[in-house]
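Colleague: Below you will find the structure I want to go over with you.
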Amino acid sequence: MTDPTSTRRDFLRATGASLAAGPIAAATASAQAPATAPAKPFGYAIVGLGSLAQGEILPAFVHAKRCRVTALVSSDPSKARGLATQYGVPERGLYSYETFDRIADNPDVDGVYIVLPNGLHAEYSVRASKAGKHVLVEKPMANTVAECDAMLAAAKAAGKHLAVAYRLRFEPYTQAMIKMARDKEYGRTKIVLCDSGFNIGNPEQWRLTKKMGGGGSMMDIGIYSVNAARYLAGEEPTEVFAMETTDRNDPRFKEVEDTLTFQLRFPSGTLANCVSSYGAYLNRFRVYAEKGSFELEPAWSRRGLGLRVFRGNTIESRTLREPDHFAAMMDHLAECAATGTRPLTDGEDGRNDMRVIEACYESVRTGRPVKLG
C-alpha cells in the first residue's frame, strides 16, 4: 500500500511546490513584481514560428524583465526575416531546422523555447541540450514517457534546465487556487473537477495526426485537465480510469480521439473527475472542499480568468492583477538559470502528466482502471 505522506512529499518535491506555498508564493511574486532586469538578459531562441509564437510568445517579450529574443528557427526564411526585423533579432540569430545545431556557437542564445508539433518536442529538446542550452518546451512535453526520459537524460548530461511551458502556474488566479487548496482554507479537498475542451476545426491540421499530435484532445487541451488535477490535489494519482467517445465518421477523427472522461484517485482519498474534448467548449476547474468550494471559469484561457468562492448560498468573486503568462514563465526560467534554482514546472512535472495520459489510453483500450506506481 502506498504511504500517503511519502507520496505527497514526492509530488511536492517533483513539482517544486510546498504545503506552505513557499515556491508558489515566490512564483507569484516573480509574476507580479519581477526582479530588476539583469545586466545581460537571458537570450531565447524561438523554435517554430506558428500562430502561438507569433500571436503570444514573441509579443510577450515586451513585458519580460529578465529575457529577450535573440534567435529564430524556421523553415520559412522570409517569415523569419520579417519577424527578425520586427523584434530586433540579428541576421546571425536566424536558423533553419537543418542549421539548428549551430546555436551551440551563439553566445547570445542561453535557452531554447520549443514551439513545434508534439512529435518534434523530444528531438529538438535533446538537440538543444546537446548544444548546451536550457530548454523550455511546449506542453505536452513529448508523445511518450520514453521520450520524456530521453529529454531528461539529455538535460542532465548537459547540466542545463528542462522546463515545460505550463503557463498557468505563473499567473495569480491559478496560484490562488493552489494556495487555497494547500492551506485547506475551506477544509480538506474532497473532489476536483477539471473540464477542458473546444470544438477543433480543420481536419488536415497536425494536431489530428497520430505522428505529430501523438493523440487527440488528450494530447492538446486535455493536458490542462491532467496538470490541474495534479496540482490542485497536491499529490500524484495512484489509479486512473478513462472512457472515450469518438465518431470515426467525422473526418477530424480518422486517427485520434475526440472526447475522453477520466477519473483519478489520489492517496489522500481525493478524487478527480476530468474531461478532455475536441467536440465541446469546456473551460472550468473546481475544487470541492469540506466547508466550501472554489473555481476558475474561464480556467485555461490566456487572459480574462475568473475566480469564484462558494460558501453556502454566498458567492464571492475575486479579481487579481493578471500579468502576461508567457512573459512571467520565460522570466522564471531565466531566473532559474541565473540562480541555479530548479524550475517550478520542470521536466519531471511534464513526465508525470505523460504517465497519466498513457494510463488513460491504456484504460480506454482495456476498459479497466490502471494502477500507477
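Quick note on naming: the chains in the C-alpha cells go A, B, ... in the order shown, residues restart at 1 in each chain, and ligands are numbered from 1 in order of appearance.
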Going by DSSP on the backbone, which bits of region 48-261 of chain A are alpha helix (DSSP H)? Write them as a ChimeraX atom specification, please.
Modeller: /A:51-52,58-60,77-87,121-130,145-158,172-182,210-213,222-233
Colleague: Mind checking which residues fall within 9 Å of Glu204 (chain A), counting only C-alpha atoms, ignoring those fewer than 4 positions away in the same chain, and posting them as a PyMOL selection string?
Modeller: chain A and resi 208-209+251-252
Colleague: Applying 7 Å and only C-alpha atoms, which residues near Ala142 (chain A) remain after dropping the ones on its own chain fewer than 6 positions away? List them as number ranges by chain.
Modeller: A: 118-119, 121-122, 148
Colleague: Based on the selection just made, write all heavy atoms of those residues as a PDB file, in the first residue's frame.
Modeller:
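Result went into selection_16.pdb, see below:
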```
ATOM      1  N   ASN A 118       3.889  18.349 -31.272  1.00  0.00           N
ATOM      2  CA  ASN A 118       4.276  17.449 -30.188  1.00  0.00           C
ATOM      3  C   ASN A 118       5.306  16.403 -30.614  1.00  0.00           C
ATOM      4  O   ASN A 118       6.218  16.067 -29.856  1.00  0.00           O
ATOM      5  CB  ASN A 118       3.053  16.717 -29.640  1.00  0.00           C
ATOM      6  CG  ASN A 118       1.946  17.659 -29.209  1.00  0.00           C
ATOM      7  OD1 ASN A 118       2.179  18.845 -28.994  1.00  0.00           O
ATOM      8  ND2 ASN A 118       0.735  17.147 -29.092  1.00  0.00           N
ATOM      9  N   GLY A 119       5.141  15.874 -31.822  1.00  0.00           N
ATOM     10  CA  GLY A 119       6.008  14.808 -32.284  1.00  0.00           C
ATOM     11  C   GLY A 119       7.455  15.222 -32.479  1.00  0.00           C
ATOM     12  O   GLY A 119       8.326  14.361 -32.667  1.00  0.00           O
ATOM     13  N   HIS A 121       8.961  17.526 -30.226  1.00  0.00           N
ATOM     14  CA  HIS A 121       9.463  18.057 -28.955  1.00  0.00           C
ATOM     15  C   HIS A 121      10.711  17.336 -28.477  1.00  0.00           C
ATOM     16  O   HIS A 121      11.695  17.962 -28.061  1.00  0.00           O
ATOM     17  CB  HIS A 121       8.382  17.975 -27.876  1.00  0.00           C
ATOM     18  CG  HIS A 121       7.280  18.972 -28.055  1.00  0.00           C
ATOM     19  ND1 HIS A 121       6.245  19.117 -27.146  1.00  0.00           N
ATOM     20  CD2 HIS A 121       7.041  19.880 -29.039  1.00  0.00           C
ATOM     21  CE1 HIS A 121       5.428  20.065 -27.570  1.00  0.00           C
ATOM     22  NE2 HIS A 121       5.887  20.536 -28.709  1.00  0.00           N
ATOM     23  N   ALA A 122      10.667  16.009 -28.485  1.00  0.00           N
ATOM     24  CA  ALA A 122      11.793  15.236 -27.947  1.00  0.00           C
ATOM     25  C   ALA A 122      13.063  15.488 -28.760  1.00  0.00           C
ATOM     26  O   ALA A 122      14.136  15.749 -28.196  1.00  0.00           O
ATOM     27  CB  ALA A 122      11.454  13.748 -27.922  1.00  0.00           C
ATOM     28  N   CYS A 148      10.085  11.465 -22.889  1.00  0.00           N
ATOM     29  CA  CYS A 148      10.357  12.345 -21.747  1.00  0.00           C
ATOM     30  C   CYS A 148      11.646  11.938 -21.045  1.00  0.00           C
ATOM     31  O   CYS A 148      12.462  12.789 -20.660  1.00  0.00           O
ATOM     32  CB  CYS A 148       9.197  12.299 -20.754  1.00  0.00           C
ATOM     33  SG  CYS A 148       7.642  12.993 -21.341  1.00  0.00           S
TER      34      CYS A 148
END
```
Colleague: Would you mind listing what lies within 10 Å of Ile315 (chain A) as a list in words, with only C-alpha atoms counted and same-chain residues fewer than 4 positions away left out?
Modeller: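 What passes the distance filter is Ser293, Phe294, Arg308, Val309, Phe310 and Arg311 of chain A.
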Colleague: Which residues are near Val89 (chain A)? Cut-off 12 Å, only C-alpha atoms, ignore same chain within fewer than 2 positions. Put them as a PyMOL selection string.
Modeller: chain A and resi 43-46+58+68-73+80-87+91-95+108-109
Colleague: Between A:Ala39, A:Val240, A:Leu296, A:Leu136, which has the minimum distance to Ile357 (chain A) (counting only C-alpha atoms)?
Modeller: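 Selected residue with least distance to Ile357 (chain A): A:Val240.
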Colleague: Skipping near chain neighbours, those fewer than 3 positions away, what residues fall within 7 Å of Pro172 (chain A) using only C-alpha atoms, listed as number ranges by chain?
Modeller: A: 28, 175-176, 320, 322
Colleague: Mind the document's chain letters and residue numbers, and return as a PyMOL selection string the residues of region 101-336 of chain A that DSSP labels strand (DSSP E or B).
Modeller: chain A and resi 111-114+134-137+162-164+185+187+189-197+239-245+259-265+271-277+282-289+292-296+307-311+314-318
Colleague: Would you kindly return, as a list in words, each protein, DNA or RNA residue with an atom no farther than 8 Å from any atom of Tyr288 (chain A), considering only C-alpha atoms and excluding same-chain residues fewer than 3 positions away?
Modeller: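 Listing them by chain and then by number gives Thr189, Lys190, Ile191, Val192, Gly292, Ser293 and Phe294 of chain A.
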Colleague: Identify which of the residues A:Gly234, A:Gly347, A:Gly187, A:Pro323 lies closest to Arg303 (chain A), counting only C-alpha atoms when measuring atom-to-atom distances.
Modeller: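 Nearest candidate to Arg303 (chain A) out of A:Gly234, A:Gly347, A:Gly187, A:Pro323: A:Pro323.
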Colleague: In terms of the shortest atom-to-atom distance over only C-alpha atoms, which of A:Val62, A:Ala334, A:Ile221, A:Ala153 is closest to Lys40 (chain A)?
Modeller: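 Looking only at the distances to Lys40 (chain A), the closest residue turns out to be A:Ala334.
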Colleague: Just how far from CA of Trp206 (chain A) is CA of Lys133 (chain A), in Å to one decimal?
Modeller: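 Straight-line distance from CA of Lys133 (chain A) to CA of Trp206 (chain A) works out to 27.1 Å.
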Colleague: Nearest residue to Leu116 (chain A) out of A:Arg182, A:His161, A:Arg207, A:Arg265, using only C-alpha atoms?
Modeller: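 Closest to Leu116 (chain A), using only C-alpha atoms: A:Arg207.
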Colleague: Have a look at CA of Ala60 (chain A) and CA of Ala328 (chain A) and let me know their distance in Å, one decimal.
Modeller: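 Interatomic distance here is 8.8 Å.
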Colleague: Just how far from CA of Val275 (chain A) is CA of Arg318 (chain A), in Å to one decimal?
Modeller: 25.2 Å
Colleague: From the options A:Leu344, A:Leu162, A:Met177, A:Leu49, which residue's atoms come nearest to Gly306 (chain A), counting only C-alpha atoms?
Modeller: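 Residue with the minimum atom-to-atom distance to Gly306 (chain A): A:Met177.
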Colleague: For Cys274 (chain A), which of A:Gly159, A:Gly304, A:Gly216, A:Gly197 is the closest residue, counting only C-alpha atoms?
Modeller: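 Closest candidate: A:Gly197.
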